[in-house]
>>> print(open('coords.cif').read())   # mmCIF, C-alpha atoms
data_run
loop_
_atom_site.label_atom_id
_atom_site.label_comp_id
_atom_site.auth_asym_id
_atom_site.auth_seq_id
_atom_site.Cartn_x
_atom_site.Cartn_y
_atom_site.Cartn_z
CA MET W 252 146.85 -2.59 226.74
CA THR W 253 145.42 0.46 225.05
CA PRO W 254 146.33 4.04 226.01
CA GLN W 255 142.95 4.29 227.76
CA ASP W 256 143.62 1.28 229.98
CA ARG W 257 145.74 2.92 232.66
CA SER W 258 145.58 0.25 235.34
CA GLY W 259 149.35 -0.32 235.27
CA ALA W 260 152.46 1.72 234.61
CA ILE W 261 156.24 1.66 234.81
CA VAL W 262 157.97 4.39 236.82
CA TRP W 263 161.68 4.75 236.15
CA ASP W 264 164.43 6.21 238.24
CA CYS W 265 166.83 8.06 235.93
CA ASP W 266 170.40 8.43 237.23
CA GLY W 267 172.13 5.04 237.26
CA THR W 268 169.03 3.30 235.93
CA VAL W 269 168.34 4.89 232.54
CA VAL W 270 171.44 7.06 232.10
CA ASP W 271 175.03 6.52 233.22
CA SER W 272 175.27 9.88 234.96
CA GLU W 273 176.57 8.91 238.39
CA PRO W 274 180.29 8.83 237.46
CA ILE W 275 179.97 12.29 235.88
CA GLY W 276 178.12 13.70 238.87
CA ILE W 277 180.54 12.21 241.40
CA ASP W 278 183.58 13.48 239.50
CA THR W 279 182.07 16.96 239.34
CA TRP W 280 181.27 16.97 243.05
CA THR W 281 184.73 15.65 243.95
CA ARG W 282 186.55 18.37 242.00
CA LEU W 283 184.22 21.07 243.29
CA LEU W 284 184.62 20.07 246.93
CA MET W 285 188.40 20.15 246.65
CA ASN W 286 188.13 23.92 246.15
CA TYR W 287 186.74 24.14 249.68
CA GLY W 288 189.27 21.80 251.29
CA CYS W 289 186.84 18.90 251.39
CA THR W 290 187.73 15.38 250.31
CA ALA W 291 184.97 12.91 249.46
CA SER W 292 185.43 9.18 249.93
CA ARG W 293 183.76 6.16 248.41
CA ALA W 294 181.80 5.82 251.66
CA ASP W 295 180.36 9.29 251.10
CA TRP W 296 179.09 8.39 247.64
CA GLU W 297 177.65 5.08 248.82
CA LEU W 298 175.72 6.98 251.47
CA LEU W 299 174.49 9.74 249.15
CA VAL W 300 173.80 7.95 245.87
CA GLY W 301 170.16 8.25 244.87
CA ARG W 302 169.53 11.26 247.11
CA PRO W 303 168.70 14.84 246.03
CA TYR W 304 171.04 17.85 246.00
CA PRO W 305 170.07 19.14 249.50
CA ALA W 306 171.24 15.84 251.01
CA PHE W 307 174.61 16.18 249.29
CA TYR W 308 174.97 19.79 250.41
CA ASP W 309 173.99 19.15 254.04
CA HIS W 310 176.32 16.14 254.26
CA PHE W 311 179.42 18.01 253.14
CA ALA W 312 178.52 21.29 254.84
CA GLU W 313 178.99 19.48 258.15
CA ARG W 314 182.64 18.87 257.27
CA CYS W 315 183.75 22.02 255.46
CA GLU W 316 182.73 25.62 254.93
CA LEU W 317 180.67 25.87 251.76
CA PRO W 318 178.94 28.80 250.06
CA PRO W 319 175.15 29.05 250.52
CA PRO W 320 173.30 26.15 248.83
CA GLN W 321 172.05 28.14 245.84
CA ASP W 322 175.47 29.70 245.23
CA LEU W 323 177.18 26.32 245.26
CA MET W 324 174.47 24.93 243.00
CA GLY W 325 175.27 27.61 240.45
CA VAL W 326 178.96 26.65 240.40
CA TYR W 327 178.10 22.96 240.29
CA VAL W 328 175.76 23.42 237.32
CA GLN W 329 178.39 25.42 235.41
CA ARG W 330 180.72 22.44 235.67
CA LEU W 331 178.21 19.63 235.42
CA TYR W 332 176.21 20.59 232.34
CA PRO W 333 179.14 20.66 229.89
CA ALA W 334 180.29 17.29 231.23
CA LEU W 335 176.82 15.83 230.72
CA ARG W 336 176.55 17.24 227.20
CA SER W 337 179.88 15.74 226.18
CA GLY W 338 179.93 12.46 228.08
CA LEU W 339 176.47 11.28 229.09
CA ARG W 340 175.22 7.99 227.67
CA ALA W 341 172.04 6.00 228.21
CA PHE W 342 172.20 2.36 229.22
CA ALA W 343 171.45 0.29 226.12
CA ASP W 344 169.34 -2.24 228.02
CA ALA W 345 167.19 0.52 229.53
CA VAL W 346 166.61 2.14 226.14
CA ALA W 347 165.67 -1.21 224.59
CA ALA W 348 163.26 -1.96 227.45
CA ILE W 349 161.65 1.48 227.14
CA GLU W 350 161.12 0.90 223.42
CA VAL W 351 159.48 -2.50 224.04
CA LEU W 352 157.10 -1.05 226.64
CA ALA W 353 156.33 2.07 224.60
CA ALA W 354 155.40 -0.15 221.63
CA ARG W 355 152.83 -1.81 223.89
CA ASN W 356 151.41 1.55 225.05
CA ILE W 357 152.47 1.07 228.66
CA PRO W 358 152.23 4.38 230.53
CA MET W 359 155.68 5.37 231.78
CA ALA W 360 157.09 8.09 233.99
CA ILE W 361 160.46 9.22 235.31
CA ALA W 362 160.81 9.84 239.06
CA SER W 363 164.26 11.36 239.50
CA SER W 364 166.13 12.89 242.42
CA SER W 365 167.76 15.23 239.91
CA TYR W 366 166.41 18.76 239.83
CA ARG W 367 164.30 19.76 236.83
CA GLY W 368 166.99 21.46 234.76
CA ARG W 369 169.39 18.55 235.06
CA LEU W 370 166.70 15.95 234.39
CA ASP W 371 165.50 17.69 231.24
CA LEU W 372 169.06 18.11 229.99
CA MET W 373 169.91 14.44 230.54
CA LEU W 374 166.85 13.17 228.71
CA GLU W 375 167.56 15.57 225.85
CA VAL W 376 171.23 14.54 225.57
CA VAL W 377 170.43 10.81 225.33
CA GLY W 378 167.47 11.27 222.98
CA LEU W 379 164.74 10.32 225.46
CA ALA W 380 163.04 13.70 225.82
CA GLY W 381 159.34 13.27 225.15
CA LYS W 382 159.47 9.48 225.51
CA PHE W 383 157.65 9.45 228.86
CA ASP W 384 154.07 10.30 229.74
CA ALA W 385 155.24 12.20 232.83
CA THR W 386 158.41 13.24 234.61
CA VAL W 387 158.90 14.35 238.20
CA ALA W 388 162.11 15.98 239.41
CA GLY W 389 163.57 16.05 242.89
CA ASP W 390 163.01 19.78 243.35
CA GLU W 391 159.29 19.38 242.66
CA VAL W 392 158.43 17.41 245.80
CA ASP W 393 158.65 18.27 249.49
CA ALA W 394 160.81 15.31 250.51
CA GLY W 395 163.26 13.44 248.31
CA LYS W 396 164.07 9.75 248.26
CA PRO W 397 163.87 7.64 250.43
CA GLY W 398 160.58 9.41 251.10
CA PRO W 399 157.66 8.28 248.90
CA ASP W 400 156.69 11.74 247.59
CA ILE W 401 158.28 11.54 244.17
CA TYR W 402 156.77 8.15 243.35
CA GLU W 403 153.36 9.21 244.59
CA ALA W 404 153.60 12.32 242.39
CA ALA W 405 154.59 10.24 239.35
CA ALA W 406 151.62 7.90 239.79
CA ALA W 407 149.30 10.88 240.22
CA LYS W 408 150.58 12.46 237.00
CA LEU W 409 150.02 9.21 235.14
CA GLY W 410 146.57 8.75 236.63
CA VAL W 411 147.49 5.25 237.82
CA PRO W 412 147.09 3.90 241.38
CA VAL W 413 150.45 3.40 243.08
CA ALA W 414 149.60 -0.26 243.61
CA GLY W 415 149.40 -0.65 239.83
CA CYS W 416 152.88 0.76 239.25
CA LEU W 417 156.16 -1.08 238.88
CA ALA W 418 159.20 1.03 239.81
CA VAL W 419 162.68 0.45 238.38
CA GLU W 420 165.49 1.58 240.67
CA ASP W 421 169.24 1.15 241.16
CA THR W 422 169.74 2.44 244.72
CA ALA W 423 168.60 1.43 248.19
CA PRO W 424 167.04 4.88 248.92
CA GLY W 425 165.14 4.63 245.63
CA VAL W 426 163.88 1.14 246.38
CA GLU W 427 162.79 2.32 249.82
CA ALA W 428 160.99 5.32 248.32
CA ALA W 429 159.05 3.29 245.77
CA MET W 430 158.07 0.66 248.32
CA ALA W 431 156.97 3.33 250.79
CA ALA W 432 154.69 4.67 248.07
CA GLY W 433 153.14 1.22 247.67
CA MET W 434 154.75 0.15 244.39
CA ARG W 435 156.37 -3.11 243.46
CA VAL W 436 160.04 -2.58 242.67
CA VAL W 437 162.63 -4.00 240.31
CA GLY W 438 166.15 -3.31 241.51
CA VAL W 439 168.84 -3.18 238.83
CA ALA W 440 172.34 -3.95 240.14
CA ARG W 441 174.75 -2.14 237.86
CA GLY W 442 178.53 -1.87 238.18
CA ALA W 443 179.60 -1.76 241.81
CA ARG W 444 175.99 -1.87 243.02
CA SER W 445 175.41 -5.31 244.51
CA ALA W 446 172.23 -7.35 244.58
CA GLU W 447 172.50 -7.39 248.37
CA GLN W 448 172.21 -3.58 248.48
CA LEU W 449 168.91 -3.84 246.61
CA ALA W 450 167.61 -6.90 248.41
CA ALA W 451 164.48 -5.11 249.63
CA ALA W 452 163.21 -4.92 246.02
CA ASP W 453 160.65 -7.46 244.83
CA VAL W 454 163.01 -8.56 242.07
CA VAL W 455 166.71 -7.81 241.51
CA VAL W 456 168.21 -8.05 238.03
CA HIS W 457 171.56 -7.23 236.47
CA THR W 458 170.18 -6.38 233.04
CA LEU W 459 166.87 -4.74 232.16
CA ASP W 460 164.58 -6.54 229.74
CA GLY W 461 161.34 -5.12 228.39
CA GLU W 462 159.62 -8.48 228.19
CA GLN W 463 160.48 -9.24 231.80
CA LEU W 464 159.19 -5.86 232.96
CA TRP W 465 156.00 -6.41 230.98
CA ASP W 466 155.53 -9.76 232.70
CA LEU W 467 156.24 -8.36 236.18
CA LEU W 468 153.84 -5.47 235.63
CA HIS W 469 151.02 -7.85 234.77
CA ARG W 470 151.48 -10.31 237.59
CA THR W 471 148.49 -10.24 239.87
CA GLU W 472 150.13 -11.66 243.00
CA GLY W 473 151.26 -9.15 245.62
CA ARG W 474 154.25 -9.21 247.93
CA GLU W 475 154.62 -12.25 250.11
#
>>> encode(input="coords.cif", output="structure tokens")
Amino acid sequence: MTPQDRSGAIVWDCDGTVVDSEPIGIDTWTRLLMNYGCTASRADWELLVGRPYPAFYDHFAERCELPPPQDLMGVYVQRLYPALRSGLRAFADAVAAIEVLAARNIPMAIASSSYRGRLDLMLEVVGLAGKFDATVAGDEVDAGKPGPDIYEAAAAKLGVPVAGCLAVEDTAPGVEAAMAAGMRVVGVARGARSAEQLAAADVVVHTLDGEQLWDLLHRTEGRE
């Protein structure tokens, strides 16, 4: 496929799919919430994973008194960014797959629930800044995942029909979002994420492989 042949593309989620940021984000949230007398449980994180900042804020604001959203965001960022700079790593299988697809000139985008500043920082820290044809952040669309907005925006930026895109996701809200946009979806079950949680995806894998993604992108059959 040449750069001019933009009939197909890969659209990647970022957190938990390309970079191992979820443990850092959860730890930062947990410590921050303790300052306001709020304790987060595993059930909270399972409910919120893959969703944008407003969903996190609204969820916990129902249980404890928090500062206004923008004020809390400022405190959160002050704690999160140093932790990302010092501890963030990319998943080796994702990086290898991205390299395989880039070598074949496959258009690629990031569709992340993370807000723009965080997304740009993460890609910079792991050496992936500039590796994608387009990126869309959670604060750049009206509705976050599981709504389809972010995947529709990514396809539009790439100039590829949504039906020609293959999304790569690690959460149920992300899978739902990509499918709602009309994309085929590969679910990647990492760590505690089970294949059953991603069962709505067209394909569920435990390890990402560039050759497999290439093959799935070029299959002509639709969903059964």
>>> closest_residue(input="coords.cif", among="W:Val436, W:Ala443, W:Val328, W:Leu283", to="Glu297 in chain W", atoms="all atoms listed in the file")
W:Ala443
>>> resolve_selection(input="coords.cif", expression="the PyMOL selection byres ((chain W and resi 440) around 12)", output="ChimeraX atom specification")
/W:267-268,419-423,426,437-439,441-450,452,454-459
>>> atom_distance(input="coords.cif", atom1="CA of Trp263 in chain W", atom2="CA of Ala306 in chain W")
20.9 Å
>>> closest_residue(input="coords.cif", among="W:Ala348, W:Gln321, W:Glu427, W:Pro303", to="Glu391 in chain W", atoms="all atoms listed in the file")
W:Pro303
>>> closest_residue(input="coords.cif", among="W:Val413, W:Leu331, W:Met373, W:Leu284", to="Pro318 in chain W", atoms="all atoms listed in the file")
W:Leu284
>>> residues_near_point(input="coords.cif", point="(165.4, 15.4, 253.0)", cutoff="7 Å", atoms="only C-alpha atoms", output="list in words")
Pro305, Ala306, Ala394 and Gly395 of chain W
>>> resolve_selection(input="coords.cif", expression="the PyMOL selection byres ((chain W and resi 280) around 12)", output="PyMOL selection string")
chain W and resi 273-279+281-287+289-292+295-296+299+304+307-308+311+323-324+326-331+334
>>> residues_around(input="coords.cif", residues="Ala432 in chain W", least_positions_apart="6", cutoff="12 Å", atoms="all atoms listed in the file", output="list in words")
Val262, Lys396, Pro397, Gly398, Pro399, Asp400, Ile401, Tyr402, Glu403, Ala404, Ala405, Ala406, Ala407, Pro412, Val413, Ala414, Gly415, Cys416, Leu417, Ala418, Gly425 and Val426 of chain W
>>> residues_around(input="coords.cif", residues="Val376 in chain W", least_positions_apart="2", cutoff="9 Å", atoms="all atoms listed in the file", output="PyMOL selection string")
chain W and resi 335-337+339-341+371-374+378-380
>>> atom_distance(input="coords.cif", atom1="CA of Phe342 in chain W", atom2="CA of Val411 in chain W")
26.3 Å
>>> atom_distance(input="coords.cif", atom1="CA of Asp384 in chain W", atom2="CA of Ala345 in chain W")
16.4 Å
>>> closest_residue(input="coords.cif", among="W:Leu409, W:Ile357, W:Leu468, W:Val377", to="Met434 in chain W", atoms="only C-alpha atoms")
W:Leu468
>>> closest_residue(input="coords.cif", among="W:His310, W:Lys382, W:Arg369, W:Arg302", to="Ala353 in chain W", atoms="all atoms listed in the file")
W:Lys382
